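Student: Pasting input-v5.txt here (compact mmCIF, C-alpha atoms):
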```txt
# COMPACT_ATOMS: atom_id res chain seq x y z
CA MET A 1 146.22 142.72 86.34
CA ILE A 2 146.08 146.31 85.13
CA ARG A 3 148.65 145.54 82.43
CA ALA A 4 146.54 142.58 81.25
CA THR A 5 143.42 144.74 81.26
CA ARG A 6 145.15 147.46 79.25
CA GLN A 7 146.42 144.79 76.85
CA TRP A 8 142.86 143.44 76.49
CA ILE A 9 141.59 146.90 75.56
CA GLU A 10 144.48 147.59 73.20
CA SER A 11 144.60 144.23 71.42
CA PHE A 12 141.00 143.01 71.62
CA ILE A 13 138.41 145.71 72.34
CA ILE A 14 139.85 148.45 70.12
CA PRO A 15 140.99 146.44 67.06
CA LEU A 16 137.72 144.50 66.92
CA ASN A 17 135.79 147.72 67.56
CA ILE A 18 133.78 146.02 70.31
CA CYS A 19 133.28 149.46 71.82
CA PRO A 20 133.67 152.16 69.17
CA PHE A 21 134.19 154.73 71.92
CA ALA A 22 137.08 153.03 73.72
CA LYS A 23 139.94 154.00 71.40
CA ARG A 24 139.79 157.75 72.05
CA GLU A 25 139.65 157.37 75.83
CA PHE A 26 142.40 154.76 75.83
CA GLN A 27 144.71 156.86 73.65
CA ASN A 28 144.02 159.98 75.73
CA ASP A 29 144.70 158.06 78.96
CA ARG A 30 141.30 158.95 80.39
CA ILE A 31 140.58 155.47 81.80
CA ARG A 32 141.25 154.84 85.48
CA TYR A 33 142.14 151.28 86.49
CA GLN A 34 141.56 150.07 90.04
CA CYS A 35 142.72 146.60 91.00
CA LEU A 36 140.74 145.60 94.08
CA ALA A 37 142.39 142.68 95.82
CA GLY A 38 140.61 140.35 98.18
CA GLN A 39 137.18 138.82 98.26
CA ASN A 40 135.34 141.06 100.70
CA LEU A 41 131.99 142.04 99.20
CA ASP A 42 131.49 144.99 101.56
CA ASP A 43 134.89 146.40 100.59
CA HIS A 44 134.08 146.01 96.89
CA LEU A 45 130.78 147.84 97.28
CA PHE A 46 132.45 150.58 99.34
CA ASN A 47 135.15 150.95 96.66
CA LEU A 48 132.49 151.27 93.96
CA ILE A 49 130.89 154.23 95.72
CA THR A 50 134.32 155.70 96.47
CA GLU A 51 135.11 155.47 92.76
CA CYS A 52 131.90 157.36 91.94
CA GLY A 53 133.14 160.09 94.28
CA TYR A 54 136.51 160.07 92.55
CA LEU A 55 134.87 160.51 89.15
CA ASP A 56 132.71 163.32 90.56
CA GLN A 57 135.88 165.14 91.63
CA HIS A 58 137.96 164.35 88.51
CA PRO A 59 136.12 165.22 85.30
CA GLU A 60 139.36 164.66 83.35
CA THR A 61 138.94 160.94 84.06
CA GLU A 62 136.31 159.68 81.67
CA THR A 63 135.68 156.22 83.02
CA SER A 64 136.88 153.63 85.55
CA LEU A 65 137.51 149.91 85.37
CA LEU A 66 137.26 148.14 88.73
CA ILE A 67 139.16 144.85 88.50
CA TYR A 68 138.52 141.99 90.94
CA PRO A 69 141.30 139.43 90.37
CA ASP A 70 140.70 137.45 93.58
CA ALA A 71 136.91 137.38 93.64
CA TYR A 72 133.88 136.21 91.72
CA ALA A 73 135.53 133.32 89.88
CA ALA A 74 132.08 131.79 89.47
CA PHE A 75 130.02 133.80 87.00
CA ASP A 76 126.83 133.43 89.08
CA ASP A 77 128.63 134.97 92.07
CA PHE A 78 129.69 137.85 89.85
CA LEU A 79 126.10 138.38 88.70
CA ASP A 80 124.99 138.50 92.35
CA PHE A 81 127.67 141.13 93.02
CA LEU A 82 126.61 143.10 89.93
CA SER A 83 123.01 143.14 91.14
CA LEU A 84 124.07 144.49 94.54
CA ALA A 85 126.34 147.06 92.89
CA GLU A 86 123.49 148.33 90.70
CA GLN A 87 121.18 148.55 93.72
CA LEU A 88 123.82 150.47 95.64
CA LEU A 89 124.31 152.99 92.83
CA TYR A 90 120.57 153.60 92.89
CA GLN A 91 120.42 153.86 96.70
CA GLN A 92 123.33 156.32 96.78
CA GLY A 93 121.73 158.62 94.19
CA PHE A 94 124.02 157.76 91.28
CA GLU A 95 121.27 156.45 88.98
CA GLY A 96 121.34 158.53 85.80
CA ILE A 97 124.86 159.73 86.59
CA TYR A 98 126.83 156.48 86.28
CA GLN A 99 126.11 153.21 84.57
CA LEU A 100 127.75 149.83 85.06
CA ALA A 101 128.94 147.54 82.32
CA SER A 102 130.16 144.13 83.38
CA PHE A 103 132.93 141.86 82.15
CA HIS A 104 134.03 138.42 83.28
CA PRO A 105 136.27 135.61 81.95
CA LEU A 106 133.23 133.30 81.85
CA TYR A 107 130.64 135.85 80.76
CA CYS A 108 127.58 134.18 79.26
CA PHE A 109 124.50 136.02 78.08
CA GLU A 110 121.21 134.73 79.45
CA GLY A 111 119.84 132.02 77.20
CA SER A 112 123.19 131.63 75.46
CA ASP A 113 125.44 128.60 75.33
CA ASP A 114 128.85 128.88 77.08
CA THR A 115 130.55 128.24 73.75
CA ASP A 116 128.76 130.99 71.80
CA PRO A 117 131.47 133.37 70.53
CA ALA A 118 129.04 136.27 71.10
CA ASN A 119 129.81 136.02 74.83
CA TYR A 120 133.27 137.40 74.09
CA THR A 121 131.82 140.90 73.76
CA ASN A 122 131.84 140.83 77.57
CA ARG A 123 134.65 138.39 78.36
CA SER A 124 137.74 139.85 79.95
CA PRO A 125 140.94 138.65 81.64
CA TYR A 126 139.43 139.24 85.11
CA PRO A 127 136.02 139.99 86.60
CA MET A 128 135.47 143.73 86.36
CA LEU A 129 132.94 146.51 86.45
CA HIS A 130 133.13 149.41 84.05
CA LEU A 131 131.84 152.60 85.63
CA ILE A 132 130.66 154.90 82.84
CA ARG A 133 129.40 158.47 82.92
CA GLU A 134 125.83 158.49 81.54
CA ALA A 135 126.27 161.99 80.07
CA SER A 136 129.30 160.74 78.15
CA ILE A 137 127.35 157.80 76.75
CA GLU A 138 124.59 160.11 75.54
CA LYS A 139 127.08 162.50 73.95
CA ALA A 140 129.03 159.69 72.26
CA LEU A 141 125.86 158.12 70.87
CA GLN A 142 124.74 161.47 69.42
CA GLN A 143 128.06 161.82 67.61
CA TYR A 144 128.23 158.20 66.43
CA PRO A 145 127.92 158.22 62.62
CA HIS A 146 126.10 154.87 62.43
CA ASP A 147 123.05 153.46 64.13
CA PRO A 148 124.18 152.85 67.74
CA ALA A 149 121.62 150.09 68.12
CA SER A 150 123.59 148.10 65.53
CA ILE A 151 126.73 147.90 67.71
CA PRO A 152 125.77 144.76 69.68
CA GLU A 153 124.51 142.89 66.60
CA ASN A 154 127.61 143.84 64.59
CA ASN A 155 129.80 142.56 67.44
CA ILE A 156 127.89 139.29 67.62
CA GLN A 157 128.21 138.72 63.88
CA LEU A 158 131.93 139.53 63.89
CA LEU A 159 132.75 137.31 66.86
CA ARG A 160 130.74 134.38 65.56
CA LYS A 161 132.51 134.72 62.22
CA MET A 162 135.90 134.72 63.99
CA GLY A 163 135.05 131.56 65.89
CA LEU A 164 135.54 130.34 69.42
CA SER A 165 139.11 129.05 69.19
CA LYS A 166 140.46 132.31 67.76
CA LEU A 167 138.68 134.36 70.43
CA MET A 168 139.93 132.12 73.23
CA ALA A 169 143.47 132.53 71.93
CA LEU A 170 143.14 136.32 71.66
CA LEU A 171 141.88 136.65 75.22
CA ALA A 172 144.59 134.35 76.55
CA GLN A 173 147.24 136.43 74.75
CA CYS A 174 146.23 139.50 76.74
CA THR A 175 147.19 137.87 80.01
CA ASP A 176 150.22 136.08 78.57
CA HIS A 177 151.58 139.27 76.99
CA ALA A 178 151.10 141.24 80.20
CA ASN A 179 152.83 138.52 82.24
CA ARG A 180 155.86 138.55 79.91
CA LYS A 181 156.23 142.32 80.44
CA SER A 182 156.28 142.02 84.24
```
Would you give me this structure, written as structure tokens?

Tutor:
Amino acid sequence: MIRATRQWIESFIIPLNICPFAKREFQNDRIRYQCLAGQNLDDHLFNLITECGYLDQHPETETSLLIYPDAYAAFDDFLDFLSLAEQLLYQQGFEGIYQLASFHPLYCFEGSDDTDPANYTNRSPYPMLHLIREASIEKALQQYPHDPASIPENNIQLLRKMGLSKLMALLAQCTDHANRKS
């Protein structure tokens, strides 16, 4: 699962520039990957807070990806989990310190059709949460040479231009390639 996630970043996120800040952290090996087996919601929430503690103690680690290969197959279940995770970050005093980005194999933006290629900005091989340092986001946005607000719209335009079948194939290749290496 970690290999497939790394492959997704290396062959999809970085080349398509979905996140213009990912390449540096990926190349500098500053991303922590946690594969959290099982379907226990309480364990997943506990692991999220534990990961915040890890990041607090390890400033050399820029960001964490929490991968849930056995849970949240239904996108609505994942959204319920995301809501609880965001509430927990707030309750534990991590609001303003860490932010969550979410990714899922069936990600669909509200009001969007399942087949809209724009959904692929947040589609991934497995359900996952991306735990991001807020201070790092602010710093990266200050140094970004273009208008940061244009990132989502540029991604949408690019992915719609590429088309659904090409995006489906690219995402499938991430898992296939990782499986061939194992």

Student: Dump as a PyMOL selection string all residues having an atom at most 12 Å from (136.3, 146.3, 67.9), computed in the file's coordinates with all atoms listed in the file.

Tutor: chain A and resi 8-23+120-122+151-152+154-159

Student: Env of stretch 38-50 of chain A: 9 Å cut, atoms = only C-alpha atoms, seq-sep filter 6 positions within chain, self excluded. Answer as a PyMOL selection string.

Tutor: chain A and resi 66+68-72+81+84-85+88-89+92+94+129+131

Student: Kindly indicate which residue among A:Gln57, A:Met128, A:Leu106, A:Ala101 lies nearest to A:Gln34, using all atoms listed in the file for the distances.

Tutor: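 Among the listed residues, the smallest separation from A:Gln34 belongs to A:Met128.
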
Student: Between atom CA of A:Leu164 and atom CA of A:His104, what distance in Å does the model show, to one decimal?

Tutor: 16.1 Å

Student: Please provide as an mmCIF file with C-alpha atoms, in the coordinates of the input all residues within 7 Å of A:Gln99, with the sequence filter that same-chain residues fewer than 4 positions apart are discarded (counting all atoms listed in the file).

Tutor:
```
data_model
loop_
_atom_site.group_PDB
_atom_site.id
_atom_site.type_symbol
_atom_site.label_atom_id
_atom_site.label_comp_id
_atom_site.auth_asym_id
_atom_site.auth_seq_id
_atom_site.Cartn_x
_atom_site.Cartn_y
_atom_site.Cartn_z
ATOM 1 C CA LEU A 131 131.840 152.600 85.630
ATOM 2 C CA ILE A 132 130.660 154.900 82.840
ATOM 3 C CA ARG A 133 129.400 158.470 82.920
ATOM 4 C CA GLU A 134 125.830 158.490 81.540
#
```
